[in-house]
Amino acid sequence: MTELLAALGSLFTTPIVPAAFGGVTWGILGGALPGISPSITMALLLPFTYSMGPTTAVVLLASTYVGAEYGGSIPAILIGTPGTNAAAATVIDGYAMKQQGKAGEALGISLYSGFVGGLFGLLVLVGLTERLSSIALAFTPSSYFALGVLGLSVIATLSGESLIKGLIAGVLGLMISTIGTDPVTGLNRFTFDSPELLSGIPPLLVMVGLYAVSELFMKTGEPDWEKASREDARIKFPSRALWRRIARPQAIGSLMGAFEGMMPGAGGAVSSFLAYNEARRWSRHKEEFGHGSPEGVAAPEAANNTVACTALVPMLSLGIPSSNSSAVLLGGFLMHGLIPGPLLFVNHADVVHGLYTGLFVANVAMLIIGYLIMSPCMWLVSRPKPYLMAFIYALVVSGVYAIQTSLFHIGVALGFGVLGGAMKYFKLPFLPMVLGVVLGFVVESNYRRALVISGGDYRTFIEDPIAAGLLGAALLFTVTSVVRRMREA
Amino acid sequence: MLGCATLALASGYYLMAARIQQSDIADVIGPQGLPRTYAALLAVLSIILIVRAVTSTRTQRVRAASPAAASPVTPTRNIPRNVGWRVFGMLMNGVIYILVVPWLGYILSIAALIAATVYYQGGGLNRRVAAVAVGGAFLLWLLFVRLLHIAHPAGIWPSLL
């Protein structure tokens with residue numbers, strides 16, 4: 001009850017409402033552009049949030065995630081191309097409905113299912129996060145080190161096709177995290193006598209470079225995407241009969257999204273396909289799936305927007321991002337000096353409550369803006385690709401400069417853009433590298449701190465029950481992932 | 001190729017880590033400790049990658065040489081043509097922006113960046129592109145300088161006035 005009052009209070013004292021509306025708008029526009037994922041849309045906003053208050057910044061970023069998950073369904077339905085990976089399942093029946101002249105109905109189902117899923121995901125987020133984090137008040141440096149190792153162990157799941165490549169990306173991220181000042185002695189490492197490198201490489205630049213800049217570079221010369229007609233852009237509110245019919249797939253999608261969203265590496269794409277399959281299995285109209293079934297749109301869209309909230313559970317409670325988008329949100333937290341994890345609910349409870357409120361407002365905003373934004377969205381998606389790419393490039397460059405008014409930072413972001421392009425070419429996944437950069441300092445500083453406290457005795461990592469448990473979990477996680485891969489191979 | 005590149009990187013990183021100063025207040029691990037560990041780890045992973053690549057190449061050669069074996073379908077990479085040159089060109093647009101912005105100032109430089117990127121993306125070079133570049137630059141100036149109060153380089157123009 002206290003938390004609810006605190007959350008309601010923050011609604012009137014901080015610019016949460018405009019931040020939520022702004023984030024959702026930006027997210028829908030970004031998600032509607034094929035190839036611009038939620039993480040890129042959020043990464044583009046990161047430099048802008050630097051001058052904002054912490055609550056406003058995290059609400060803006062989280063709302064962008066909510067909006068982008070819905071926005072991806074717009075081109076999925078209208079032109080058969082998902083705007084985001086998570087909307088890939090929506091294409092199957094959404095585009096079929098459009099071809100039957102029911103585009104407005106499909107868009108309406110997508111919007112309302114996203115709203116239902118988002119609210120459910122928010123309930124899960126509020127219910128679970130603080131309970132998980134209360135355990136972590138007992139953490140010591142050994143425990144924090146073990147938590148960092150657990151975070152890094154998810155690389156085994158996030159490595160895509162090749163575990164070795166995922167591990168290489170993770171180690172590269174850890175190496176990048178050592179640039180700057182040594183956490184214990186204060187000595188300079190890998191700075192090449194450059195004053196700009198004394199404080200290391202900000203994770204923000206890594207994320208903007210890898211996600212946004214590399215995408216721009218790699219998309220150069222690719223053909224433009226198909227354009228939708230303005231007549232398709234009228235959303236229809238589902239009828240009562242249709243609402244009853246899609247209730248079950250919405251419930252299935254929400255449950256799938258809640259569970260999968262918390263799992264590292266699963267994310268919106270996995271949960272949306274799982275939701276689609278389960279909805280078909282439990283449907284009374286199985287034969288319609290693949291041919292324009294409303295249930296085939298409702299289930300994945302509910303799952304997508306549930307994930308937008310539940311993916312924040314491990315990030316907020318333990319400081320471990322489970323997806324690219326939650327990793328970018330983590331970057332936003334770090335930029336404002338907020339360390340997600342155990343002490344966030346003690347030291348910055350106002351920010352957390354503001355985030356909960358902001359996510360609620362964002363889900364409501366999605367309903368309103370979803371109706372209003374269709375025409376501008378269609379206009380934007382119809383712009384020639386060269387103009388869109390050029391404007392995004394200018395936005396990235398200007399935004400990165402705005403962080404610390406440093407041209408050097410622009411160079412670093414461009415460098416990571418090139419690195420991201422090379423990583424895509426060699427099929428190295430991004431998220432392990434981001435994890436390495438973000439968690440590298442936590443791992444090293446707490447590892448060495450723990451050894452200083454224990455006088456160099458390595459048994460401290462086993463004798464601390466929390467550390468031992470987390471290290472055991474990391475080992476189990478890694479081994480099961482490797483065994484599963486070997487079986488699949 | 002990736003394995004060789006990362007092995008070279010691991011070697012260079014290890015050598016640089018070995019040159020990090022020692023400190024009297026260092027702990028048992030020291031500032032060199034984890035960087036050396038990361039370098040060793042990367043080297044091991046690189047060698048595994050190289051060995052895998054060599055063995056899979058040999059396996060493919062053996063299969064190709066065998067008349068009885070059906071030739072496996074080699075999965076083609078979905079990589080656009082001339083991707084290296086395209087990345088280089090877009091990178092150069094950004095690098096030139098960094099070099100000219102202290103001289104030309106933000107508005108002119110960002111307008112040039114927009115125009116150059118449109119041209120590089122296949123949008124041509126005409127009055128419409130110029131209008132979009134100028135309009136985009138003005139919009140960004142309004143957003144960053146006026147709305148967010150973030151100063152961007154003014155260039156040499158204030159000193160000339």
# chains A, B, ... in the order shown; residues from 1 in each chain; ligands from 1
$ closest_atom_pairs --of "chain A" --to "chain B" --cutoff "8 Å" --atoms "only C-alpha atoms" --output "JSON lines"
{"residue": "A:Ser51", "atom": "CA", "partner": "B:Leu148", "partner_atom": "CA", "distance": 8.0}
{"residue": "A:Ile164", "atom": "CA", "partner": "B:Leu45", "partner_atom": "CA", "distance": 6.5}
{"residue": "A:Leu167", "atom": "CA", "partner": "B:Leu45", "partner_atom": "CA", "distance": 7.7}
{"residue": "A:Ile168", "atom": "CA", "partner": "B:Leu42", "partner_atom": "CA", "distance": 6.3}
{"residue": "A:Val171", "atom": "CA", "partner": "B:Tyr38", "partner_atom": "CA", "distance": 6.3}
{"residue": "A:Leu172", "atom": "CA", "partner": "B:Leu42", "partner_atom": "CA", "distance": 7.7}
{"residue": "A:Leu174", "atom": "CA", "partner": "B:Tyr38", "partner_atom": "CA", "distance": 7.3}
{"residue": "A:Met175", "atom": "CA", "partner": "B:Tyr38", "partner_atom": "CA", "distance": 6.5}
{"residue": "A:Thr178", "atom": "CA", "partner": "B:Pro35", "partner_atom": "CA", "distance": 6.9}
{"residue": "A:Asp182", "atom": "CA", "partner": "B:Pro31", "partner_atom": "CA", "distance": 6.1}
{"residue": "A:Val184", "atom": "CA", "partner": "B:Ala26", "partner_atom": "CA", "distance": 7.0}
{"residue": "A:Thr185", "atom": "CA", "partner": "B:Ala26", "partner_atom": "CA", "distance": 5.8}
{"residue": "A:Leu187", "atom": "CA", "partner": "B:Gln21", "partner_atom": "CA", "distance": 7.3}
{"residue": "A:Asn188", "atom": "CA", "partner": "B:Ile20", "partner_atom": "CA", "distance": 7.8}
{"residue": "A:Arg189", "atom": "CA", "partner": "B:Ile20", "partner_atom": "CA", "distance": 6.5}
{"residue": "A:Phe190", "atom": "CA", "partner": "B:Met16", "partner_atom": "CA", "distance": 7.3}
{"residue": "A:Phe217", "atom": "CA", "partner": "B:Val87", "partner_atom": "CA", "distance": 5.0}
{"residue": "A:Met218", "atom": "CA", "partner": "B:Val87", "partner_atom": "CA", "distance": 6.5}
{"residue": "A:Thr220", "atom": "CA", "partner": "B:Gln121", "partner_atom": "CA", "distance": 5.7}
{"residue": "A:Gly221", "atom": "CA", "partner": "B:Gln121", "partner_atom": "CA", "distance": 5.8}
{"residue": "A:Glu222", "atom": "CA", "partner": "B:Pro80", "partner_atom": "CA", "distance": 7.6}
{"residue": "A:Pro386", "atom": "CA", "partner": "B:Val118", "partner_atom": "CA", "distance": 4.9}
{"residue": "A:Tyr387", "atom": "CA", "partner": "B:Val118", "partner_atom": "CA", "distance": 5.7}
{"residue": "A:Met389", "atom": "CA", "partner": "B:Val118", "partner_atom": "CA", "distance": 7.5}
{"residue": "A:Ala390", "atom": "CA", "partner": "B:Ile114", "partner_atom": "CA", "distance": 5.0}
{"residue": "A:Phe391", "atom": "CA", "partner": "B:Ile114", "partner_atom": "CA", "distance": 6.3}
{"residue": "A:Tyr393", "atom": "CA", "partner": "B:Ile114", "partner_atom": "CA", "distance": 7.7}
{"residue": "A:Ala394", "atom": "CA", "partner": "B:Ile114", "partner_atom": "CA", "distance": 6.4}
{"residue": "A:Leu395", "atom": "CA", "partner": "B:Leu140", "partner_atom": "CA", "distance": 7.4}
{"residue": "A:Val397", "atom": "CA", "partner": "B:Gly94", "partner_atom": "CA", "distance": 7.8}
{"residue": "A:Ser398", "atom": "CA", "partner": "B:Phe144", "partner_atom": "CA", "distance": 7.9}
{"residue": "A:Tyr401", "atom": "CA", "partner": "B:His152", "partner_atom": "CA", "distance": 7.9}
{"residue": "A:Ala402", "atom": "CA", "partner": "B:Ile150", "partner_atom": "CA", "distance": 6.2}
{"residue": "A:Thr405", "atom": "CA", "partner": "B:His152", "partner_atom": "CA", "distance": 7.2}
{"residue": "A:Leu407", "atom": "CA", "partner": "B:Ile98", "partner_atom": "CA", "distance": 6.3}
{"residue": "A:Ile410", "atom": "CA", "partner": "B:Ile98", "partner_atom": "CA", "distance": 7.5}
{"residue": "A:Gly411", "atom": "CA", "partner": "B:Val95", "partner_atom": "CA", "distance": 7.2}
{"residue": "A:Leu414", "atom": "CA", "partner": "B:Leu91", "partner_atom": "CA", "distance": 6.7}
{"residue": "A:Val418", "atom": "CA", "partner": "B:Val87", "partner_atom": "CA", "distance": 7.0}
{"residue": "A:Gly421", "atom": "CA", "partner": "B:Val87", "partner_atom": "CA", "distance": 7.4}
{"residue": "A:Tyr425", "atom": "CA", "partner": "B:Ile79", "partner_atom": "CA", "distance": 7.0}
{"residue": "A:Phe426", "atom": "CA", "partner": "B:Leu2", "partner_atom": "CA", "distance": 7.0}
{"residue": "A:Glu444", "atom": "CA", "partner": "B:Leu34", "partner_atom": "CA", "distance": 7.3}
{"residue": "A:Arg448", "atom": "CA", "partner": "B:Ile29", "partner_atom": "CA", "distance": 6.7}
{"residue": "A:Leu451", "atom": "CA", "partner": "B:Val28", "partner_atom": "CA", "distance": 7.5}
{"residue": "A:Val452", "atom": "CA", "partner": "B:Asp27", "partner_atom": "CA", "distance": 6.3}
{"residue": "A:Gly456", "atom": "CA", "partner": "B:Val28", "partner_atom": "CA", "distance": 6.2}
$ select_by_dssp --residues "chain B" --states "alpha helix (DSSP H)" --output "JSON, numbers by chain"
{"B": [2, 3, 4, 5, 6, 7, 8, 9, 10, 11, 12, 13, 14, 15, 16, 17, 18, 30, 31, 32, 33, 34, 35, 36, 37, 38, 39, 40, 41, 42, 43, 44, 45, 46, 47, 48, 49, 50, 51, 52, 53, 54, 55, 56, 57, 58, 59, 60, 61, 62, 63, 64, 65, 83, 84, 85, 86, 87, 88, 89, 90, 91, 92, 93, 94, 95, 96, 97, 98, 99, 100, 101, 102, 103, 104, 106, 107, 108, 109, 110, 111, 112, 113, 114, 115, 116, 117, 118, 127, 128, 129, 130, 131, 132, 133, 134, 135, 136, 137, 138, 139, 140, 141, 157, 158, 159, 160]}
$ atom_distance --atom1 "CA of Arg281 (chain A)" --atom2 "CA of Tyr112 (chain A)"
22.0 Å
$ atom_distance --atom1 "CA of Ser143 (chain A)" --atom2 "CA of Val434 (chain A)"
21.4 Å
$ residues_around --residues "Ala303 (chain A)" --least-positions-apart "5" --cutoff "6 Å" --atoms "only C-alpha atoms" --output "PyMOL selection string"
chain A and resi 253-254+257+272
$ atom_distance --atom1 "CA of Ala365 (chain A)" --atom2 "CA of Phe21 (chain A)"
5.6 Å
$ residues_around --residues "Gly166 (chain A)" --least-positions-apart "2" --cutoff "7 Å" --atoms "only C-alpha atoms" --output "VMD selection string"
chain A and resid 155 159 162 to 164 168 to 170 428 to 429 432
